[in-house]
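File shown: structure_22.txt. Contents: compact mmCIF, C-alpha atoms.
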# COMPACT_ATOMS: atom_id res chain seq x y z
CA MET A 1 54.99 -12.46 15.26
CA ASN A 2 53.60 -15.96 14.86
CA ARG A 3 55.75 -19.02 15.19
CA PRO A 4 56.17 -20.34 11.63
CA TYR A 5 53.66 -23.07 10.74
CA GLU A 6 56.36 -25.50 9.73
CA MET A 7 58.03 -25.15 13.13
CA THR A 8 54.74 -25.78 14.91
CA MET A 9 54.04 -28.85 12.79
CA PHE A 10 57.56 -30.14 13.33
CA ALA A 11 57.11 -29.84 17.09
CA ALA A 12 53.74 -31.59 16.92
CA ARG A 13 55.25 -34.38 14.87
CA ASN A 14 58.10 -34.80 17.33
CA ARG A 15 55.62 -35.01 20.21
CA ASN A 16 53.82 -37.83 18.39
CA VAL A 17 57.06 -39.68 17.72
CA VAL A 18 58.25 -39.38 21.32
CA TYR A 19 54.81 -40.48 22.54
CA GLU A 20 55.01 -43.62 20.42
CA ILE A 21 58.52 -44.44 21.60
CA VAL A 22 57.67 -43.98 25.28
CA MET A 23 54.38 -45.89 25.04
CA LYS A 24 56.13 -48.79 23.34
CA ALA A 25 58.71 -48.83 26.11
CA LEU A 26 55.93 -48.89 28.69
CA GLU A 27 54.17 -51.73 26.84
CA LYS A 28 57.37 -53.72 26.86
CA ALA A 29 57.84 -53.03 30.56
CA ALA A 30 54.20 -54.02 31.13
CA GLU A 31 55.03 -57.45 29.73
CA ARG A 32 57.46 -57.73 32.63
CA GLY A 33 54.80 -56.65 35.13
CA LEU A 34 54.77 -52.85 35.11
CA THR A 35 51.32 -51.40 35.79
CA ARG A 36 49.86 -47.89 35.69
CA LYS A 37 49.60 -48.06 39.47
CA GLU A 38 53.31 -48.76 39.73
CA ILE A 39 54.13 -45.94 37.31
CA ALA A 40 52.01 -43.61 39.45
CA ARG A 41 53.86 -44.68 42.59
CA MET A 42 57.28 -44.14 41.02
CA MET A 43 56.31 -40.74 39.60
CA GLY A 44 54.58 -39.61 42.78
CA ARG A 45 51.24 -39.09 41.08
CA SER A 46 47.79 -40.60 41.28
CA PRO A 47 46.79 -43.44 38.93
CA SER A 48 44.15 -41.21 37.34
CA GLN A 49 46.81 -38.60 36.58
CA ILE A 50 48.87 -41.31 34.92
CA SER A 51 45.92 -42.42 32.81
CA THR A 52 45.51 -38.82 31.65
CA THR A 53 49.23 -38.55 30.93
CA LEU A 54 49.24 -41.75 28.91
CA SER A 55 46.22 -40.73 26.85
CA GLY A 56 48.25 -38.31 24.74
CA PRO A 57 51.41 -36.23 24.57
CA SER A 58 49.87 -32.77 24.35
CA ASN A 59 50.99 -31.70 27.83
CA TRP A 60 54.19 -33.70 28.05
CA THR A 61 57.44 -32.04 29.00
CA LEU A 62 60.94 -33.46 28.83
CA ASP A 63 60.53 -34.28 32.51
CA THR A 64 57.41 -36.32 31.73
CA VAL A 65 59.34 -38.30 29.14
CA SER A 66 62.20 -38.81 31.55
CA ASP A 67 59.91 -39.93 34.40
CA LEU A 68 57.98 -42.37 32.24
CA LEU A 69 61.13 -43.92 30.84
CA ARG A 70 62.57 -44.18 34.34
CA SER A 71 59.41 -46.02 35.36
CA ALA A 72 60.01 -48.45 32.52
CA LYS A 73 63.67 -48.75 33.55
CA ALA A 74 64.65 -47.51 30.10
CA THR A 75 66.58 -44.69 28.51
CA MET A 76 66.30 -43.14 25.09
CA ASP A 77 68.91 -43.08 22.36
CA TYR A 78 68.87 -39.98 20.19
CA ARG A 79 69.42 -40.01 16.48
CA VAL A 80 69.34 -37.06 14.10
CA ILE A 81 68.04 -37.57 10.57
CA PHE A 82 68.41 -34.83 8.00
CA ASP A 83 65.35 -33.99 5.90
CA GLU A 84 66.92 -35.22 2.67
CA ASP A 85 67.41 -38.65 4.21
CA ARG A 86 63.82 -39.04 5.40
CA PRO A 87 61.03 -40.79 3.46
CA LYS A 88 58.81 -38.20 1.83
CA ALA A 89 55.09 -37.95 2.55
CA ASN A 90 52.89 -37.57 -0.50
CA GLU A 91 51.07 -34.35 -1.28
CA PHE A 92 47.70 -33.67 -2.82
CA HIS A 93 47.88 -32.75 -6.48
CA GLU A 94 44.96 -31.68 -8.64
CA ASP A 95 46.42 -33.62 -11.52
CA GLY A 96 47.55 -36.62 -9.51
CA GLN A 97 46.77 -40.02 -10.95
CA VAL A 98 45.10 -43.00 -9.31
CA ASP A 99 46.85 -46.31 -9.65
CA ALA A 100 43.69 -47.89 -11.06
CA ALA A 101 45.10 -51.40 -11.08
CA ALA A 102 45.59 -51.26 -7.33
CA LEU A 103 41.97 -50.32 -6.54
CA PRO A 104 38.80 -52.39 -6.26
CA PRO A 105 36.64 -52.11 -9.39
CA PRO A 106 34.55 -48.89 -9.43
CA GLU A 107 30.79 -49.05 -9.57
CA SER A 108 29.27 -48.48 -12.96
CA GLY A 109 28.42 -44.84 -13.53
CA SER A 110 30.92 -43.44 -11.03
CA SER A 111 32.89 -40.44 -12.14
CA ALA A 112 36.50 -40.87 -13.14
CA LYS A 113 38.03 -37.79 -11.54
CA THR A 114 41.71 -38.11 -10.93
CA PHE A 115 43.32 -37.55 -7.59
CA LYS A 116 46.18 -38.86 -5.57
CA PHE A 117 46.14 -40.54 -2.20
CA GLU A 118 48.10 -38.84 0.45
CA LEU A 119 47.59 -41.09 3.39
CA GLU A 120 49.49 -44.16 2.26
CA ARG A 121 51.67 -45.49 5.01
CA VAL A 122 55.39 -45.86 4.52
CA GLN A 123 56.16 -49.53 4.99
CA MET B 124 43.24 -36.74 0.70
CA CYS B 125 40.11 -35.35 -0.92
CA LYS B 126 39.96 -31.71 -1.83
CA PRO B 127 37.74 -30.52 1.09
CA LEU B 128 40.24 -31.85 3.62
CA PHE B 129 43.19 -30.44 1.73
CA GLU B 130 41.53 -27.03 1.51
CA ALA B 131 40.61 -27.02 5.20
CA ILE B 132 44.23 -27.66 6.14
CA GLU B 133 45.40 -24.99 3.71
CA ARG B 134 43.01 -22.47 5.30
CA GLY B 135 44.33 -23.40 8.73
CA ARG B 136 47.90 -23.12 7.54
CA ASN B 137 47.20 -19.59 6.30
CA ASP B 138 45.14 -18.49 9.30
CA PRO B 139 46.60 -15.30 10.79
CA GLY B 140 46.04 -16.54 14.36
CA ALA B 141 48.84 -18.43 16.08
CA ALA B 142 46.43 -20.68 17.99
CA ALA B 143 44.56 -21.67 14.84
CA GLN B 144 47.81 -22.39 13.04
CA ALA B 145 48.99 -24.55 15.93
CA ARG B 146 45.72 -26.46 15.80
CA TRP B 147 45.99 -27.28 12.13
CA ALA B 148 49.70 -28.01 12.39
CA GLN B 149 48.87 -30.64 15.00
CA LEU B 150 46.25 -32.16 12.71
CA GLU B 151 48.74 -32.29 9.87
CA ALA B 152 51.25 -33.93 12.21
CA ASP B 153 48.63 -36.47 13.30
CA ILE B 154 47.91 -37.32 9.66
CA GLY B 155 51.66 -37.48 9.10
CA SER B 156 51.95 -39.99 11.91
CA PHE B 157 49.80 -42.39 9.89
CA VAL B 158 51.59 -41.64 6.63
CA GLU B 159 55.01 -42.18 8.13
CA GLY B 160 54.08 -45.55 9.61
CA GLY B 161 53.76 -44.38 13.20
CA PHE B 162 52.07 -46.60 15.75
CA ILE B 163 48.28 -46.47 15.27
CA THR B 164 45.62 -47.21 17.85
CA GLU B 165 41.94 -46.48 18.18
CA LYS B 166 42.86 -43.33 20.04
CA VAL B 167 44.12 -42.00 16.70
CA LEU B 168 42.14 -43.87 14.07
CA LYS B 169 38.80 -45.49 14.78
CA GLN B 170 36.27 -47.35 12.70
CA LEU B 171 32.79 -45.90 13.10
CA LYS B 172 29.76 -48.08 13.71
CA PRO B 173 28.15 -49.79 11.94
CA SER B 174 31.40 -51.17 10.61
CA LYS B 175 29.91 -52.49 7.39
CA TYR B 176 29.68 -48.97 5.97
CA GLU B 177 33.45 -48.59 6.31
CA HIS B 178 33.54 -45.10 7.81
CA TRP B 179 36.55 -44.16 9.88
CA GLU B 180 37.58 -41.12 11.86
CA LEU B 181 41.06 -39.85 12.42
CA ILE B 182 41.03 -38.30 15.87
CA SER B 183 42.97 -35.18 16.77
CA ARG B 184 41.90 -34.11 20.25
CA ARG B 185 44.36 -31.44 21.27
CA PRO B 186 44.86 -28.56 21.22
CA LYS B 187 41.19 -27.65 21.37
CA PRO B 188 39.02 -27.67 19.35
CA SER B 189 39.04 -31.43 18.97
CA LEU B 190 38.88 -32.38 15.29
CA ARG B 191 37.70 -35.43 13.38
CA VAL B 192 38.82 -36.32 9.87
CA PHE B 193 36.30 -38.56 8.14
CA CYS B 194 37.96 -41.18 6.02
CA ARG B 195 37.77 -44.62 4.41
CA PHE B 196 40.26 -47.26 3.41
CA ALA B 197 40.73 -47.91 -0.32
CA LYS B 198 42.95 -50.87 0.50
CA PRO B 199 45.05 -51.87 3.50
CA ASN B 200 47.25 -49.00 4.66
CA VAL B 201 45.75 -46.61 2.10
CA LEU B 202 43.42 -44.24 3.84
CA VAL B 203 41.49 -41.55 2.00
CA GLY B 204 40.65 -38.56 4.19
CA THR B 205 37.55 -36.83 2.85
CA HIS B 206 36.81 -33.88 5.12
CA VAL B 207 37.26 -32.58 8.65
CA GLN B 208 34.83 -31.37 11.29
CA ALA B 209 35.14 -30.00 14.82
CA ARG B 210 34.05 -32.72 17.23
CA LYS B 211 31.77 -30.39 19.17
CA GLU B 212 29.80 -29.68 15.99
CA LEU B 213 28.99 -33.35 15.57
CA GLY B 214 26.99 -33.95 18.73
CA GLY B 215 26.66 -37.45 20.16
CA MET B 216 27.83 -40.56 18.37
CA TRP B 217 24.46 -41.27 16.72
CA SER B 218 23.37 -37.67 16.28
CA ALA B 219 21.78 -36.56 13.02
CA ARG B 220 24.82 -34.38 12.34
CA PHE B 221 27.26 -37.22 12.88
CA GLU B 222 25.27 -39.50 10.58
CA HIS B 223 25.05 -36.71 8.01
CA GLU B 224 28.82 -36.32 7.99
CA LYS B 225 29.19 -40.03 7.28
CA LEU B 226 27.08 -39.50 4.18
CA VAL B 227 29.15 -36.46 3.24
CA CYS B 228 32.20 -38.70 3.54
CA GLU B 229 30.59 -41.15 1.13
CA GLU B 230 29.76 -38.34 -1.25
CA HIS B 231 33.35 -37.10 -1.40
CA TRP B 232 34.46 -40.69 -1.79
CA LYS B 233 32.13 -41.19 -4.76
CA GLN B 234 33.18 -37.91 -6.34
CA ALA B 235 36.73 -39.19 -6.26
CA GLY B 236 35.60 -42.12 -8.41
CA LEU B 237 35.90 -44.76 -5.73
CA PRO B 238 33.38 -47.55 -5.12
CA ASP B 239 30.82 -47.24 -2.31
CA VAL B 240 32.59 -49.65 -0.02
CA PRO B 241 35.66 -51.82 -0.43
CA ALA B 242 34.90 -54.84 -2.58
CA PRO B 243 33.72 -57.71 -0.34
CA GLY B 244 36.69 -59.70 0.77
CA ALA B 245 39.16 -57.25 -0.77
CA PHE B 246 40.70 -56.69 2.63
CA SER B 247 37.89 -56.00 5.05
CA ASP B 248 36.84 -59.09 7.00
CA PRO B 249 33.23 -58.78 8.13
CA PRO B 250 31.82 -59.46 10.65
CA SER B 251 35.08 -59.12 12.63
CA PHE B 252 36.44 -55.98 10.92
CA ARG B 253 39.78 -56.64 12.57
CA TYR B 254 41.89 -53.53 13.03
CA GLU B 255 44.93 -55.28 11.61
CA ALA B 256 43.09 -55.95 8.34
CA TYR B 257 43.15 -52.22 7.65
CA VAL B 258 46.47 -51.16 9.14
CA THR B 259 48.68 -54.15 8.68
CA ASP B 260 51.83 -52.99 10.42
CA ASN B 261 52.58 -51.18 13.66
CA ALA B 262 48.96 -50.95 14.76
CA THR B 263 46.72 -52.37 17.44
CA LYS B 264 43.38 -51.34 18.89
CA SER B 265 44.78 -50.05 22.15
CA TRP B 266 47.92 -49.59 24.19
CA ARG B 267 48.55 -52.45 26.57
CA VAL B 268 49.66 -50.99 29.86
CA PRO B 269 47.43 -52.54 32.51
CA ALA B 270 45.95 -50.55 35.38

Translate the structure of the given file into structure tokens.
Amino acid sequence: MNRPYEMTMFAARNRNVVYEIVMKALEKAAERGLTRKEIARMMGRSPSQISTTLSGPSNWTLDTVSDLLRSAKATMDYRVIFDEDRPKANEFHEDGQVDAAALPPPESGSSAKTFKFELERVQ
Amino acid sequence: MCKPLFEAIERGRNDPGAAAQARWAQLEADIGSFVEGGFITEKVLKQLKPSKYEHWELISRRPKPSLRVFCRFAKPNVLVGTHVQARKELGGMWSARFEHEKLVCEEHWKQAGLPDVPAPGAFSDPPSFRYEAYVTDNATKSWRVPA
């Protein structure tokens, strides 16, 4: 039986969020002098392994997160947010409407199909 | 999101294979990272050359196969994804296939009733095409952790 799609997506999303948090911590530590070489030394890995690790979270484990944060001399606070309290992402709708006033003027002759943006960032 | 991209994700969502589902779930999560204001770098969202044509790719490398969502900005922070292709199908950066997909992106864009490129000066700032002109908050070209 397959793992439900929503569960898989939720896990992927969490990986991305954790990646961002850890990378921001490392950036902040880098301002105080932390380098990839130093991270490698503290984690007992080669600098090239660290570069691979920092390129994306796909193979990260909880230990990876812990080691990287330790390298940055940081810890993570955990906060649980229930779905109903989270900002909602938009969805595609066939009958969605463009906010025409917010767009640059269309070229003459272009079609006027309606659609809705999904990829607007939450500010 | 234009219809071809939406439909591709829907097909992935309904794929009977667990690996395929995981692949498309990751893509949806990567798109969600932009939508939810997550930190954006060129490792996730990159402007394709030549910049003046305003083509972008949203990059989702893992799990394999690596995927690319072709997209354009309608205004700062509003990205329209047109369609998605497997990276290995595209060939090298200037391959005929890659260039073709840029045109396909433009075609979907036009079909949605949008202008060819953002109006000059609307938000794009040629010749610099600064990253921050497109994603105004929580974005930079690259992570800054020195070697």

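Using all atoms listed in the file, the smallest distance between any of A:Met1, A:Ser58, A:Ala72, A:Met7 and Glu31 in chain A comes from A:Ala72.
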
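With distances restricted to all atoms listed in the file, B:Ala270 is the closest residue to Ile39 in chain A from B:Ala270, B:Cys228, B:Val158, B:Val192.
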
Any idea what's packed within 9 Å of Glu177 in chain B, counting only C-alpha atoms, ignoring anything in its chain fewer than 4 positions away? Could you give it as a PyMOL selection string? chain B and resi 170-173+194-196+240-241+247

When you look at Lys225 in chain B with a cut-off of 12 Å (counting only C-alpha atoms), what residues show up, excluding the ones that are within fewer than 2 positions of it in the same chain? I need them as a VMD selection string. chain B and resid 170 to 174 176 to 180 191 to 195 204 to 208 213 216 to 223 227 to 232

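Proximity to Lys166 in chain B was assessed for B:Arg210, B:Asp138, B:Arg184, B:Ile154 counting only C-alpha atoms; the smallest distance is recorded for B:Arg184.
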
Given 3 Å on each side, where is the centre and what are the edge lengths in Å to one decimal of the axis-aligned box enclosing the listed atoms of range 162-179 of chain B, as lines of an AutoDock Vina configuration file?
center_x = 40.1
center_y = -47.2
center_z = 13.0
size_x = 29.9
size_y = 16.5
size_z = 20.1

Please report as a ChimeraX atom specification which residues of chain B come no farther than 8 Å from chain A, using all atoms listed in the file. /B:124-125,129,136,140-141,144-145,148-149,151-162,185-186,197-198,200-204,233-239,241-242,245,260,266-270

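Atom pair CA of Pro188 in chain B / CA of Thr64 in chain A: separated by 23.8 Å.
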
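When all atoms listed in the file are used to measure the gap to Phe252 in chain B, the shortest distance among B:Lys175, B:Ser183, B:Glu224, B:Gly214 belongs to B:Lys175.
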
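The residue that comes closest to Met43 in chain A, out of A:Val22, A:Leu69, A:Met76, A:Leu62 and on the basis of only C-alpha atoms, is A:Leu69.
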
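Atom pair CA of Arg79 in chain A / CA of Ile163 in chain B: separated by 22.1 Å.
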
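One finds CA of Ser66 in chain A at 11.9 Å from CA of Ala25 in chain A.
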
Reconstruct N, CA and C atoms of range 185-201 of chain B from the incomplete input and present them as a PDB file, in the frame of the given file.
ATOM      1  N   ARG B 185      43.762 -32.658  20.716  1.00  0.00           N
ATOM      2  CA  ARG B 185      44.360 -31.440  21.270  1.00  0.00           C
ATOM      3  C   ARG B 185      45.380 -30.859  20.321  1.00  0.00           C
ATOM      4  N   PRO B 186      45.560 -29.534  20.365  1.00  0.00           N
ATOM      5  CA  PRO B 186      44.860 -28.560  21.220  1.00  0.00           C
ATOM      6  C   PRO B 186      43.414 -28.386  20.787  1.00  0.00           C
ATOM      7  N   LYS B 187      42.590 -27.871  21.690  1.00  0.00           N
ATOM      8  CA  LYS B 187      41.190 -27.650  21.370  1.00  0.00           C
ATOM      9  C   LYS B 187      41.094 -26.637  20.226  1.00  0.00           C
ATOM     10  N   PRO B 188      40.124 -26.731  19.343  1.00  0.00           N
ATOM     11  CA  PRO B 188      39.020 -27.670  19.350  1.00  0.00           C
ATOM     12  C   PRO B 188      39.430 -29.049  18.831  1.00  0.00           C
ATOM     13  N   SER B 189      38.807 -30.063  19.415  1.00  0.00           N
ATOM     14  CA  SER B 189      39.040 -31.430  18.970  1.00  0.00           C
ATOM     15  C   SER B 189      38.484 -31.596  17.550  1.00  0.00           C
ATOM     16  N   LEU B 190      39.267 -32.238  16.694  1.00  0.00           N
ATOM     17  CA  LEU B 190      38.880 -32.380  15.290  1.00  0.00           C
ATOM     18  C   LEU B 190      38.718 -33.852  14.911  1.00  0.00           C
ATOM     19  N   ARG B 191      37.872 -34.091  13.932  1.00  0.00           N
ATOM     20  CA  ARG B 191      37.700 -35.430  13.380  1.00  0.00           C
ATOM     21  C   ARG B 191      37.820 -35.371  11.859  1.00  0.00           C
ATOM     22  N   VAL B 192      38.713 -36.194  11.324  1.00  0.00           N
ATOM     23  CA  VAL B 192      38.820 -36.320   9.870  1.00  0.00           C
ATOM     24  C   VAL B 192      38.040 -37.570   9.477  1.00  0.00           C
ATOM     25  N   PHE B 193      37.047 -37.406   8.636  1.00  0.00           N
ATOM     26  CA  PHE B 193      36.300 -38.560   8.140  1.00  0.00           C
ATOM     27  C   PHE B 193      37.101 -39.192   7.007  1.00  0.00           C
ATOM     28  N   CYS B 194      37.127 -40.498   7.002  1.00  0.00           N
ATOM     29  CA  CYS B 194      37.960 -41.180   6.020  1.00  0.00           C
ATOM     30  C   CYS B 194      37.487 -42.614   5.779  1.00  0.00           C
ATOM     31  N   ARG B 195      38.045 -43.217   4.746  1.00  0.00           N
ATOM     32  CA  ARG B 195      37.770 -44.620   4.410  1.00  0.00           C
ATOM     33  C   ARG B 195      39.059 -45.244   3.867  1.00  0.00           C
ATOM     34  N   PHE B 196      39.121 -46.553   3.982  1.00  0.00           N
ATOM     35  CA  PHE B 196      40.260 -47.260   3.410  1.00  0.00           C
ATOM     36  C   PHE B 196      39.941 -47.686   1.985  1.00  0.00           C
ATOM     37  N   ALA B 197      40.858 -47.425   1.056  1.00  0.00           N
ATOM     38  CA  ALA B 197      40.730 -47.910  -0.320  1.00  0.00           C
ATOM     39  C   ALA B 197      41.334 -49.306  -0.432  1.00  0.00           C
ATOM     40  N   LYS B 198      42.332 -49.548   0.364  1.00  0.00           N
ATOM     41  CA  LYS B 198      42.950 -50.870   0.500  1.00  0.00           C
ATOM     42  C   LYS B 198      43.775 -50.814   1.790  1.00  0.00           C
ATOM     43  N   PRO B 199      44.300 -51.926   2.247  1.00  0.00           N
ATOM     44  CA  PRO B 199      45.050 -51.870   3.500  1.00  0.00           C
ATOM     45  C   PRO B 199      46.150 -50.809   3.452  1.00  0.00           C
ATOM     46  N   ASN B 200      46.228 -50.030   4.500  1.00  0.00           N
ATOM     47  CA  ASN B 200      47.250 -49.000   4.660  1.00  0.00           C
ATOM     48  C   ASN B 200      47.071 -47.793   3.749  1.00  0.00           C
ATOM     49  N   VAL B 201      46.009 -47.775   2.967  1.00  0.00           N
ATOM     50  CA  VAL B 201      45.750 -46.610   2.100  1.00  0.00           C
ATOM     51  C   VAL B 201      44.427 -45.994   2.542  1.00  0.00           C
TER      52      VAL B 201
END
